[in-house]
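A.B. asks: File name work09.cif; file contents mmCIF, C-alpha atoms; full text below.
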data_final
#
loop_
_atom_site.label_atom_id
_atom_site.label_comp_id
_atom_site.auth_asym_id
_atom_site.auth_seq_id
_atom_site.Cartn_x
_atom_site.Cartn_y
_atom_site.Cartn_z
CA MET A 1 40.41 -5.72 -73.64
CA THR A 2 39.21 -8.04 -70.88
CA ALA A 3 40.26 -7.00 -67.38
CA ILE A 4 42.31 -9.58 -65.51
CA SER A 5 40.66 -10.67 -62.28
CA HIS A 6 42.33 -10.14 -58.92
CA LYS A 7 42.44 -13.90 -58.50
CA GLN A 8 44.41 -14.34 -61.72
CA LEU A 9 46.75 -11.49 -60.79
CA PHE A 10 47.21 -13.16 -57.41
CA LEU A 11 48.16 -16.42 -59.10
CA ASN A 12 50.42 -14.64 -61.59
CA HIS A 13 52.33 -12.29 -59.34
CA VAL A 14 52.05 -13.27 -55.66
CA ALA A 15 54.45 -16.03 -54.62
CA GLN A 16 52.53 -19.19 -53.81
CA THR A 17 53.47 -21.56 -50.99
CA SER A 18 51.23 -24.46 -51.96
CA PRO A 19 49.73 -25.81 -55.18
CA MET A 20 46.19 -25.25 -53.85
CA PRO A 21 45.72 -21.87 -52.10
CA ILE A 22 42.28 -21.23 -50.61
CA GLY A 23 41.93 -18.40 -53.13
CA ILE A 24 39.03 -16.45 -51.58
CA GLU A 25 39.21 -12.70 -52.27
CA MET A 26 38.58 -11.05 -48.90
CA VAL A 27 37.55 -7.41 -48.71
CA LYS A 28 36.67 -6.84 -45.04
CA ALA A 29 37.25 -8.25 -41.56
CA GLU A 30 35.40 -7.32 -38.40
CA GLY A 31 35.09 -9.06 -35.05
CA ILE A 32 35.18 -12.82 -35.64
CA TYR A 33 34.07 -12.50 -39.28
CA LEU A 34 35.72 -12.19 -42.68
CA TYR A 35 33.83 -10.99 -45.78
CA ASP A 36 34.63 -11.88 -49.37
CA VAL A 37 34.15 -9.91 -52.59
CA ASN A 38 30.60 -11.32 -52.87
CA ASN A 39 29.81 -10.23 -49.29
CA LYS A 40 29.76 -13.82 -48.07
CA LYS A 41 30.49 -13.92 -44.34
CA TYR A 42 32.92 -16.41 -42.80
CA ILE A 43 33.75 -17.17 -39.17
CA ASP A 44 37.51 -16.91 -38.81
CA ALA A 45 38.01 -20.09 -36.80
CA ILE A 46 41.80 -19.75 -36.79
CA SER A 47 42.22 -16.00 -36.06
CA GLY A 48 44.72 -15.61 -38.88
CA PHE A 49 46.83 -18.25 -37.07
CA SER A 50 46.27 -16.86 -33.56
CA VAL A 51 46.99 -13.27 -34.58
CA ALA A 52 43.50 -11.80 -34.12
CA ASN A 53 43.01 -12.84 -30.48
CA ILE A 54 40.88 -9.73 -29.81
CA GLY A 55 39.12 -10.01 -33.18
CA HIS A 56 39.53 -8.12 -36.42
CA SER A 57 39.33 -4.33 -36.88
CA ASN A 58 39.15 -3.47 -33.20
CA LYS A 59 38.29 0.23 -33.14
CA GLU A 60 40.68 1.05 -30.31
CA VAL A 61 43.55 -0.56 -32.19
CA ILE A 62 42.61 1.22 -35.43
CA ASN A 63 42.59 4.56 -33.63
CA ALA A 64 46.00 3.83 -32.10
CA VAL A 65 47.38 3.01 -35.56
CA LYS A 66 45.97 6.24 -37.03
CA GLN A 67 47.27 8.41 -34.21
CA GLN A 68 50.76 6.92 -34.34
CA ALA A 69 50.93 7.11 -38.15
CA GLU A 70 50.15 10.82 -37.91
CA GLN A 71 52.98 11.38 -35.40
CA TYR A 72 55.67 9.30 -37.12
CA MET A 73 56.10 5.93 -38.73
CA HIS A 74 59.55 4.60 -39.53
CA LEU A 75 62.55 6.09 -37.75
CA ILE A 76 65.76 4.34 -36.76
CA VAL A 77 63.84 1.65 -34.98
CA TYR A 78 66.27 -0.15 -32.76
CA GLY A 79 68.37 1.17 -29.93
CA GLU A 80 69.17 4.77 -30.92
CA PHE A 81 66.04 6.91 -30.60
CA ILE A 82 63.71 6.75 -27.61
CA GLN A 83 60.27 6.03 -29.06
CA GLN A 84 57.22 6.18 -26.83
CA PRO A 85 55.30 3.29 -28.50
CA GLN A 86 58.23 0.89 -28.00
CA VAL A 87 58.97 2.02 -24.46
CA SER A 88 55.33 1.93 -23.32
CA TYR A 89 54.68 -1.50 -24.78
CA ALA A 90 57.91 -2.93 -23.36
CA LYS A 91 56.90 -1.66 -19.91
CA LEU A 92 53.39 -3.14 -20.22
CA LEU A 93 54.82 -6.54 -21.19
CA ALA A 94 57.39 -6.48 -18.38
CA ASP A 95 54.68 -5.54 -15.87
CA ASN A 96 52.75 -8.67 -16.82
CA LEU A 97 55.70 -11.08 -16.80
CA PRO A 98 57.95 -12.50 -14.07
CA GLU A 99 60.63 -10.07 -12.89
CA THR A 100 63.43 -11.89 -14.74
CA LEU A 101 61.65 -11.32 -18.07
CA ASN A 102 62.15 -7.59 -17.98
CA CYS A 103 63.91 -6.67 -21.23
CA ILE A 104 62.16 -6.83 -24.59
CA TYR A 105 63.83 -7.04 -27.99
CA PHE A 106 61.13 -6.31 -30.57
CA THR A 107 61.44 -8.00 -33.97
CA ASN A 108 59.43 -8.17 -37.18
CA SER A 109 58.00 -11.62 -36.53
CA GLY A 110 58.04 -14.74 -34.39
CA ALA A 111 60.57 -16.36 -36.71
CA GLU A 112 62.98 -13.46 -36.23
CA ALA A 113 62.41 -13.72 -32.48
CA THR A 114 63.58 -17.33 -32.71
CA GLU A 115 66.66 -16.27 -34.65
CA GLY A 116 67.50 -13.57 -32.10
CA ALA A 117 66.99 -15.90 -29.15
CA ILE A 118 69.29 -18.57 -30.61
CA LYS A 119 71.96 -15.94 -31.22
CA LEU A 120 71.55 -14.62 -27.68
CA ALA A 121 71.90 -18.11 -26.20
CA LYS A 122 75.04 -18.89 -28.22
CA ARG A 123 76.58 -15.50 -27.48
CA PHE A 124 75.85 -15.69 -23.74
CA SER A 125 77.01 -19.27 -23.25
CA ASN A 126 79.85 -19.50 -25.78
CA ARG A 127 78.37 -22.91 -26.60
CA SER A 128 76.77 -24.21 -29.78
CA LYS A 129 74.76 -27.32 -28.90
CA ILE A 130 71.00 -26.82 -29.20
CA ILE A 131 68.29 -29.21 -28.03
CA ALA A 132 64.96 -29.01 -29.87
CA PHE A 133 61.96 -31.27 -30.31
CA ASN A 134 60.31 -33.35 -32.97
CA ASN A 135 57.08 -31.88 -34.34
CA SER A 136 58.01 -28.42 -33.10
CA TYR A 137 57.53 -25.25 -35.13
CA HIS A 138 59.49 -22.06 -34.50
CA GLY A 139 59.38 -20.31 -37.87
CA SER A 140 60.58 -20.85 -41.41
CA THR A 141 63.84 -18.87 -41.66
CA GLN A 142 67.13 -20.73 -41.83
CA GLY A 143 67.95 -20.83 -38.11
CA ALA A 144 64.35 -21.43 -37.08
CA LEU A 145 64.13 -24.17 -39.70
CA SER A 146 67.19 -25.82 -38.13
CA VAL A 147 65.31 -26.27 -34.84
CA MET A 148 62.00 -27.15 -36.51
CA GLY A 149 61.02 -30.69 -35.65
CA SER A 150 60.33 -32.21 -39.08
CA GLU A 151 62.81 -33.54 -41.59
CA TYR A 152 60.19 -33.18 -44.35
CA TRP A 153 60.49 -29.39 -44.15
CA ARG A 154 64.19 -29.29 -43.21
CA ASN A 155 65.69 -31.63 -45.77
CA ALA A 156 65.41 -29.47 -48.90
CA TYR A 157 67.34 -26.60 -47.28
CA ARG A 158 70.40 -28.34 -45.88
CA PRO A 159 73.05 -27.62 -44.75
CA LEU A 160 71.39 -26.07 -41.70
CA LEU A 161 72.78 -25.02 -38.32
CA PRO A 162 75.12 -27.71 -36.98
CA ASN A 163 74.94 -29.25 -33.52
CA VAL A 164 71.14 -29.26 -33.25
CA TYR A 165 69.63 -32.37 -31.66
CA HIS A 166 65.94 -33.27 -31.81
CA PHE A 167 64.11 -35.40 -29.25
CA ASN A 168 60.55 -36.49 -28.67
CA PHE A 169 58.41 -34.22 -26.52
CA ASN A 170 58.11 -35.57 -22.96
CA SER A 171 61.09 -37.92 -23.44
CA GLU A 172 63.66 -38.73 -20.76
CA ASP A 173 66.34 -38.71 -23.47
CA ALA A 174 65.93 -34.95 -23.87
CA ILE A 175 66.64 -34.37 -20.17
CA ASN A 176 69.71 -36.62 -20.28
CA ALA A 177 71.07 -34.80 -23.35
CA ILE A 178 71.35 -31.45 -21.54
CA ASP A 179 75.04 -31.07 -20.67
CA GLU A 180 77.91 -28.59 -20.26
CA ASN A 181 78.14 -28.14 -24.04
CA THR A 182 74.50 -27.11 -24.44
CA ALA A 183 73.71 -23.47 -25.19
CA CYS A 184 69.93 -23.77 -25.00
CA VAL A 185 66.85 -25.91 -25.01
CA ILE A 186 64.12 -24.53 -27.24
CA LEU A 187 60.54 -25.76 -26.98
CA GLU A 188 56.94 -24.72 -27.46
CA ILE A 189 55.15 -24.76 -24.15
CA VAL A 190 52.24 -26.30 -26.08
CA GLN A 191 53.22 -27.91 -29.36
CA ALA A 192 50.94 -26.11 -31.82
CA GLU A 193 51.56 -27.67 -35.22
CA ALA A 194 51.75 -31.15 -33.69
CA GLY A 195 48.03 -30.78 -32.97
CA ILE A 196 47.90 -29.14 -29.50
CA ILE A 197 50.24 -31.39 -27.52
CA GLN A 198 50.93 -30.39 -23.92
CA PRO A 199 54.00 -31.35 -21.92
CA ASN A 200 53.90 -33.47 -18.82
CA LYS A 201 54.18 -30.98 -15.93
CA ASN A 202 56.83 -32.95 -14.07
CA TRP A 203 58.83 -33.45 -17.29
CA ILE A 204 59.01 -29.78 -18.11
CA LYS A 205 60.01 -28.95 -14.53
CA GLN A 206 62.80 -31.52 -14.87
CA ILE A 207 63.88 -29.86 -18.11
CA GLN A 208 64.19 -26.52 -16.33
CA LYS A 209 65.95 -28.10 -13.34
CA LYS A 210 68.57 -29.71 -15.60
CA CYS A 211 69.00 -26.45 -17.52
CA ASN A 212 69.66 -24.61 -14.25
CA GLU A 213 72.16 -27.25 -13.13
CA LYS A 214 74.14 -27.04 -16.38
CA ASN A 215 73.79 -23.25 -16.91
CA VAL A 216 71.74 -23.85 -20.05
CA LEU A 217 69.20 -21.29 -21.24
CA LEU A 218 65.59 -22.44 -21.59
CA ILE A 219 63.87 -20.79 -24.55
CA VAL A 220 60.07 -21.09 -24.44
CA ASP A 221 58.13 -20.38 -27.61
CA GLU A 222 54.73 -18.80 -26.93
CA ILE A 223 54.34 -17.33 -30.40
CA GLN A 224 50.99 -19.10 -30.89
CA SER A 225 49.99 -19.82 -27.29
CA GLY A 226 50.50 -16.35 -25.84
CA PHE A 227 47.99 -13.67 -24.89
CA SER A 228 45.34 -15.80 -23.13
CA ARG A 229 44.80 -18.40 -25.87
CA THR A 230 45.33 -21.24 -23.38
CA GLY A 231 43.43 -19.78 -20.42
CA THR A 232 46.32 -17.92 -18.79
CA LEU A 233 48.00 -14.84 -20.19
CA PHE A 234 51.02 -16.99 -21.02
CA ALA A 235 50.85 -20.76 -21.04
CA PHE A 236 54.08 -21.27 -19.09
CA GLU A 237 52.20 -19.99 -16.01
CA GLN A 238 50.24 -23.25 -15.98
CA PHE A 239 53.43 -25.32 -15.70
CA ASN A 240 55.15 -23.50 -12.84
CA ILE A 241 58.27 -22.66 -14.82
CA ILE A 242 59.88 -19.40 -15.86
CA PRO A 243 61.82 -19.41 -19.14
CA ASP A 244 65.16 -17.69 -19.51
CA ILE A 245 64.04 -16.40 -22.91
CA LEU A 246 60.42 -16.04 -24.00
CA LEU A 247 59.41 -15.87 -27.67
CA LEU A 248 56.31 -13.91 -28.71
CA GLY A 249 54.69 -13.05 -32.04
CA LYS A 250 51.28 -13.52 -33.69
CA ALA A 251 48.88 -11.70 -31.32
CA LEU A 252 51.72 -9.51 -30.00
CA GLY A 253 51.09 -6.91 -32.73
CA GLY A 254 47.30 -6.71 -32.47
CA GLY A 255 47.08 -7.41 -36.21
CA MET A 256 50.30 -5.62 -37.18
CA PRO A 257 53.62 -7.42 -37.81
CA LEU A 258 55.56 -7.75 -34.55
CA GLY A 259 57.58 -10.34 -32.66
CA ALA A 260 59.79 -10.29 -29.58
CA PHE A 261 62.30 -12.23 -27.58
CA ILE A 262 62.32 -11.36 -23.90
CA ALA A 263 64.97 -12.03 -21.25
CA ASP A 264 66.65 -10.51 -18.21
CA LYS A 265 68.42 -7.21 -18.87
CA LYS A 266 71.75 -8.69 -17.75
CA LEU A 267 71.38 -11.46 -20.30
CA MET A 268 70.23 -9.19 -23.13
CA ASN A 269 73.15 -6.82 -22.59
CA VAL A 270 75.60 -9.29 -24.16
CA LEU A 271 74.23 -8.22 -27.57
CA THR A 272 75.73 -4.75 -27.06
CA ASN A 273 79.39 -5.75 -27.34
CA ASN A 274 81.85 -8.17 -28.94
CA PRO A 275 80.39 -7.54 -31.45
CA VAL A 276 78.54 -4.30 -31.05
CA LEU A 277 75.11 -4.49 -32.74
CA GLY A 278 74.85 -8.16 -31.82
CA HIS A 279 71.37 -8.32 -33.30
CA ILE A 280 69.85 -5.56 -35.42
CA THR A 281 66.64 -5.12 -37.38
CA THR A 282 65.42 -2.35 -39.65
CA PHE A 283 61.70 -2.62 -38.93
CA GLY A 284 61.50 -4.66 -35.71
CA GLY A 285 59.54 -2.75 -33.08
CA HIS A 286 58.02 -0.46 -35.69
CA PRO A 287 56.21 2.33 -33.81
CA VAL A 288 52.86 1.70 -35.53
CA SER A 289 53.08 -2.02 -34.72
CA CYS A 290 53.99 -1.28 -31.11
CA ALA A 291 51.10 1.19 -30.77
CA ALA A 292 48.71 -1.42 -32.16
CA GLY A 293 50.08 -4.23 -30.02
CA LYS A 294 50.02 -2.25 -26.78
CA THR A 295 46.43 -1.16 -27.39
CA ALA A 296 45.41 -4.74 -28.21
CA MET A 297 47.00 -6.05 -25.02
CA GLU A 298 45.34 -3.31 -22.97
CA PHE A 299 41.99 -4.25 -24.50
CA LEU A 300 42.59 -7.93 -23.71
CA LEU A 301 43.33 -7.11 -20.08
CA LYS A 302 40.62 -4.46 -19.67
CA GLU A 303 37.87 -6.68 -21.06
CA ASN A 304 39.02 -9.67 -18.97
CA LEU A 305 38.77 -11.93 -22.01
CA ILE A 306 40.81 -14.50 -20.14
CA ASN A 307 37.95 -15.09 -17.69
CA SER A 308 35.75 -16.83 -20.26
CA ILE A 309 38.38 -19.09 -21.84
CA LYS A 310 37.94 -22.15 -19.63
CA GLU A 311 34.15 -22.02 -20.04
CA LYS A 312 34.55 -21.79 -23.81
CA GLU A 313 36.94 -24.73 -23.71
CA GLN A 314 34.19 -26.75 -22.02
CA ILE A 315 31.79 -25.75 -24.80
CA LEU A 316 34.23 -27.16 -27.35
CA LYS A 317 34.46 -30.42 -25.41
CA GLN A 318 30.68 -30.70 -25.04
CA GLU A 319 29.67 -29.66 -28.54
CA LEU A 320 32.32 -31.39 -30.63
CA GLN A 321 31.03 -34.90 -30.16
CA HIS A 322 30.74 -36.93 -33.36
CA LYS A 323 31.29 -40.58 -34.23
CA LYS A 324 33.82 -39.62 -36.93
CA ILE A 325 35.98 -37.60 -34.54
CA LYS A 326 38.76 -39.88 -33.28
CA ALA A 327 40.06 -37.47 -30.63
CA LEU A 328 39.66 -33.89 -29.47
CA ARG A 329 42.62 -32.13 -27.83
CA THR A 330 42.04 -28.72 -26.28
CA CYS A 331 44.08 -26.14 -24.43
CA GLY A 332 41.89 -23.15 -23.66
CA LEU A 333 40.16 -21.78 -26.76
CA TRP A 334 42.40 -23.87 -28.98
CA ALA A 335 41.63 -27.32 -30.31
CA ALA A 336 42.73 -30.08 -32.63
CA VAL A 337 39.88 -32.21 -34.01
CA GLU A 338 41.43 -35.51 -35.08
CA PHE A 339 40.10 -37.62 -37.96
CA ASP A 340 41.29 -40.90 -39.42
CA SER A 341 43.22 -39.35 -42.32
CA PHE A 342 44.25 -36.18 -44.12
CA GLU A 343 41.73 -36.99 -46.86
CA THR A 344 38.87 -37.01 -44.35
CA ASN A 345 40.10 -33.84 -42.71
CA HIS A 346 40.54 -32.04 -46.03
CA ALA A 347 37.01 -32.97 -47.12
CA VAL A 348 35.60 -31.63 -43.85
CA ILE A 349 37.62 -28.41 -44.14
CA GLN A 350 36.32 -27.81 -47.67
CA LYS A 351 32.73 -28.24 -46.43
CA CYS A 352 33.42 -25.87 -43.53
CA ILE A 353 34.60 -23.20 -45.96
CA GLU A 354 31.48 -23.73 -48.10
CA HIS A 355 29.38 -23.17 -44.97
CA GLY A 356 31.25 -20.03 -43.96
CA VAL A 357 33.93 -21.28 -41.55
CA ILE A 358 37.63 -20.71 -42.24
CA THR A 359 39.77 -23.49 -40.79
CA ASP A 360 42.70 -25.64 -41.84
CA TRP A 361 45.00 -28.46 -40.70
CA PHE A 362 48.22 -28.58 -38.67
CA LEU A 363 51.65 -28.87 -40.27
CA PHE A 364 52.65 -31.99 -38.37
CA ALA A 365 49.14 -33.36 -37.84
CA ASP A 366 47.38 -33.04 -41.19
CA ASN A 367 44.56 -35.33 -40.06
CA CYS A 368 43.56 -32.74 -37.44
CA LEU A 369 41.31 -29.72 -37.99
CA ARG A 370 42.39 -26.48 -36.30
CA ILE A 371 40.10 -24.42 -34.07
CA ALA A 372 41.43 -21.12 -32.67
CA PRO A 373 38.78 -18.40 -33.09
CA PRO A 374 39.18 -14.88 -31.70
CA LEU A 375 38.84 -14.86 -27.93
CA ILE A 376 35.93 -12.41 -28.24
CA ILE A 377 33.71 -15.10 -29.79
CA THR A 378 30.49 -15.40 -27.79
CA LYS A 379 29.29 -18.69 -26.36
CA GLU A 380 26.40 -18.67 -28.82
CA GLU A 381 28.74 -18.08 -31.76
CA LEU A 382 31.05 -20.84 -30.53
CA ILE A 383 28.15 -23.30 -30.35
CA MET A 384 27.15 -22.28 -33.89
CA LEU A 385 30.74 -22.85 -35.04
CA CYS A 386 30.71 -26.35 -33.56
CA GLN A 387 27.37 -27.12 -35.20
CA ILE A 388 28.71 -26.05 -38.62
CA ILE A 389 31.74 -28.30 -38.15
CA LYS A 390 29.51 -31.27 -37.28
CA GLN A 391 27.24 -30.52 -40.24
CA SER A 392 30.34 -30.38 -42.46
CA ILE A 393 31.49 -33.75 -41.14
CA ASP A 394 28.10 -35.27 -41.97
CA GLU A 395 28.11 -33.85 -45.50
CA ALA A 396 31.76 -34.69 -46.22
CA LEU A 397 31.42 -38.26 -45.01
CA HIS A 398 27.85 -39.11 -46.01
#
Would you mind writing the file out in structure tokens?

C.D. replies:
Amino acid sequence: MTAISHKQLFLNHVAQTSPMPIGIEMVKAEGIYLYDVNNKKYIDAISGFSVANIGHSNKEVINAVKQQAEQYMHLIVYGEFIQQPQVSYAKLLADNLPETLNCIYFTNSGAEATEGAIKLAKRFSNRSKIIAFNNSYHGSTQGALSVMGSEYWRNAYRPLLPNVYHFNFNSEDAINAIDENTACVILEIVQAEAGIIQPNKNWIKQIQKKCNEKNVLLIVDEIQSGFSRTGTLFAFEQFNIIPDILLLGKALGGGMPLGAFIADKKLMNVLTNNPVLGHITTFGGHPVSCAAGKTAMEFLLKENLINSIKEKEQILKQELQHKKIKALRTCGLWAAVEFDSFETNHAVIQKCIEHGVITDWFLFADNCLRIAPPLIITKEELIMLCQIIKQSIDEALH
């Protein structure tokens, strides 16, 4: 009897989210590299969607996972038992955030962080109006989908949350729409899936000013941008604002599943009553995930990875020059390489994969190629990555 390949079992039994999965069987990951079943080496140019900011299989993180797994794994995770991994990581995060972002609610993922933050805003304000933005991405669960900025993804799942209003990023209309009925404004500090779109600094300060005037909570999504990706530990630092609620995920867990929404303790306390258990989660803040995430953040800070980000951004700008590139948008070690069409971009991506570079496109900018390698990538490796992309452009568009 012929054995069924892992690829066929994958296609048969693992739920697919697109008609054309990449379909490479990976067996190892280390540093900036992934290795397939044939021992072919690939540069992970997207860090598992900004998860592996400190690279794959960091030995300190692995040791932390092993040690915590030996002590205990799942207990009652939220709010009953005092668990050292949760407490220590919450303190580390609070120590590296403004003083009003002092209370951490750990979740399973960034999407659940979005859900929790929306609930917190509605519960605190007793209002229901939500202002969100076109081409924004906050997760794929029902509430997060309601504030996602694309009707293409929303339409098939209606009815969604009512009273959600979408505006263009950097638009005056969004500021004018903030009123006494608004519970929250939710935005990405850098729009990721739109193809690395940054806000105008004066505009976002006006957003916060209007929120303060109308007692509206400002929710800032740093699920992709957090943990030094943009050149500061958190991107909101570059815009001289402080969110009322901060969303984290992706790199937060150091490779393990973890998300969080973070606010002032006085604000977060409303989830404790009327009703009690205002937001609960079985696995959010799992001790192994918290141990991994804390160790990853400590490594990030100890190694001063942030210090090289701006220089690496300049390498991207210098090296990614090609007549077929229509535009290059960067924000730290994060870039969108814009082509004339999805077809062009897809052809280039396929060539990149052939040449050992894993990349993809953006949800709301499918003509743009994504670059977000682990922050530990060396300057020499980054130059090599850029050269492979340019070679792939030449071959795809010969």

A.B. asks: Pick out the closest residue to A:Pro199 from this set: A:Phe299, A:Phe261, A:Cys331, A:Ile223. Count only C-alpha atoms.

C.D. replies: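 Looking at the shortest contact to A:Pro199, the residue is A:Cys331.
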
A.B. asks: Within 12 Å of (27.5, -32.0, -42.7) (file coordinates; only C-alpha atoms), which protein or nucleic acid residues are there? I'd like them as number ranges by chain.

C.D. replies: A: 322, 324, 347-355, 386-398

A.B. asks: From the options A:Leu75, A:Ile104, A:Met26, A:Leu375, which residue's atoms come nearest to A:Lys91, counting all atoms listed in the file?

C.D. replies: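 Of A:Leu75, A:Ile104, A:Met26, A:Leu375, the one nearest A:Lys91 is A:Ile104, counting all atoms listed in the file.
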
A.B. asks: For the structure provided, state which residues fall under the PyMOL selection byres ((chain A and resi 235) around 8), and present them as a list in words.

C.D. replies: Ile189, Val190, Glu222, Ser225, Gly226, Ser228, Thr230, Gly231, Thr232, Leu233, Phe234, Phe236, Glu237, Gln238 and Phe239 of chain A

A.B. asks: Measuring between only C-alpha atoms, which one of A:Cys211, A:Ile371, A:Ala365, A:Ile376 shows the shortest distance to A:Ser308?

C.D. replies: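 Nearest candidate to A:Ser308 out of A:Cys211, A:Ile371, A:Ala365, A:Ile376: A:Ile376.
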
A.B. asks: Spell out the residues picked by the PyMOL selection byres ((chain A and resi 106) around 8) here, as number ranges by chain.

C.D. replies: A: 104-105, 107-108, 113, 258-261, 284-285

A.B. asks: Expressed in Å to a single decimal, how great is the separation between atom CA of A:Ile131 and atom CA of A:Asn155?

C.D. replies: 18.1 Å

A.B. asks: Starting from the shown file, work through the PyMOL selection byres ((chain A and resi 22) around 12) and note down what comes out as a list in words.

C.D. replies: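 When the PyMOL selection byres ((chain A and resi 22) around 12) is applied, the selected residues are Lys7, Phe10, Leu11, Gln16, Thr17, Ser18, Pro19, Met20, Pro21, Gly23, Ile24, Glu25, Met26, His346, Ile349, Gln350, Ile353, Glu354, Ile358, Thr359 and Asp360 of chain A.
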
A.B. asks: For the selection just defined, write its residues with C-alpha atoms to a file, as a short mmCIF file (atom, residue, chain, number, x, y, z; two decimals), keeping the file's coordinate frame.

C.D. replies:
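Everything below was put into part-v4.cif:
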data_model
loop_
_atom_site.label_atom_id
_atom_site.label_comp_id
_atom_site.auth_asym_id
_atom_site.auth_seq_id
_atom_site.Cartn_x
_atom_site.Cartn_y
_atom_site.Cartn_z
CA LYS A 7 42.44 -13.90 -58.50
CA PHE A 10 47.21 -13.16 -57.41
CA LEU A 11 48.16 -16.42 -59.10
CA GLN A 16 52.53 -19.19 -53.81
CA THR A 17 53.47 -21.56 -50.99
CA SER A 18 51.23 -24.46 -51.96
CA PRO A 19 49.73 -25.81 -55.18
CA MET A 20 46.19 -25.25 -53.85
CA PRO A 21 45.72 -21.87 -52.10
CA GLY A 23 41.93 -18.40 -53.13
CA ILE A 24 39.03 -16.45 -51.58
CA GLU A 25 39.21 -12.70 -52.27
CA MET A 26 38.58 -11.05 -48.90
CA HIS A 346 40.54 -32.04 -46.03
CA ILE A 349 37.62 -28.41 -44.14
CA GLN A 350 36.32 -27.81 -47.67
CA ILE A 353 34.60 -23.20 -45.96
CA GLU A 354 31.48 -23.73 -48.10
CA ILE A 358 37.63 -20.71 -42.24
CA THR A 359 39.77 -23.49 -40.79
CA ASP A 360 42.70 -25.64 -41.84
#

A.B. asks: Using only C-alpha atoms, which protein or nucleic acid residues come within 12 Å of A:Asn212? Drop anything in the same chain fewer than 5 positions from it, and give the result as number ranges by chain.

C.D. replies: A: 175, 178-180, 182-185, 205-207, 217-218, 241-244

A.B. asks: Provide the atom CA of A:Ile186 to atom CA of A:Ile118 distance in Å, to one decimal place.

C.D. replies: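 Rounded to one decimal, the two atoms are 8.6 Å apart.
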
A.B. asks: For stretch 275-277 of chain A, please output as a PyMOL selection string all residues within 12 Å (counting all atoms listed in the file; exclusion window: fewer than 2 positions along the same chain).

C.D. replies: chain A and resi 78-80+116+119-120+123+268-273+279-281

A.B. asks: Choose the residue, out of A:Ala52, A:Leu9, A:Val164, A:Ala336, that has the smallest atom-to-atom separation from A:Glu30; count all atoms listed in the file.

C.D. replies: A:Ala52

A.B. asks: Could N, CA and C atoms be built for stretch 176-189 of chain A and written out as a CSV table (one decimal), in the coordinates of the input?

C.D. replies:
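Result file selection_37.csv:
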chain,number,residue,atom,x,y,z
A,176,ASN,N,68.4,-36.1,-20.4
A,176,ASN,CA,69.7,-36.6,-20.3
A,176,ASN,C,70.7,-36.0,-21.2
A,177,ALA,N,70.2,-35.4,-22.3
A,177,ALA,CA,71.1,-34.8,-23.4
A,177,ALA,C,71.6,-33.4,-23.0
A,178,ILE,N,70.9,-32.8,-22.0
A,178,ILE,CA,71.4,-31.4,-21.5
A,178,ILE,C,72.7,-31.6,-20.8
A,179,ASP,N,73.7,-30.9,-21.3
A,179,ASP,CA,75.0,-31.1,-20.7
A,179,ASP,C,75.8,-29.7,-20.7
A,180,GLU,N,77.1,-29.8,-20.4
A,180,GLU,CA,77.9,-28.6,-20.3
A,180,GLU,C,78.2,-28.0,-21.6
A,181,ASN,N,77.9,-28.7,-22.7
A,181,ASN,CA,78.1,-28.1,-24.0
A,181,ASN,C,76.9,-27.5,-24.6
A,182,THR,N,75.8,-27.6,-23.9
A,182,THR,CA,74.5,-27.1,-24.4
A,182,THR,C,74.3,-25.6,-24.2
A,183,ALA,N,74.0,-24.9,-25.3
A,183,ALA,CA,73.7,-23.5,-25.2
A,183,ALA,C,72.3,-23.2,-24.7
A,184,CYS,N,71.3,-24.0,-25.3
A,184,CYS,CA,69.9,-23.8,-25.0
A,184,CYS,C,69.1,-25.0,-25.3
A,185,VAL,N,68.0,-25.0,-24.7
A,185,VAL,CA,66.8,-25.9,-25.0
A,185,VAL,C,65.7,-25.0,-25.5
A,186,ILE,N,65.2,-25.3,-26.7
A,186,ILE,CA,64.1,-24.5,-27.2
A,186,ILE,C,62.9,-25.4,-27.4
A,187,LEU,N,61.8,-25.0,-26.9
A,187,LEU,CA,60.5,-25.8,-27.0
A,187,LEU,C,59.3,-24.9,-27.0
A,188,GLU,N,58.3,-25.4,-27.6
A,188,GLU,CA,56.9,-24.7,-27.5
A,188,GLU,C,56.3,-25.2,-26.2
A,189,ILE,N,55.8,-24.3,-25.4
A,189,ILE,CA,55.2,-24.8,-24.2
A,189,ILE,C,53.9,-25.7,-24.4
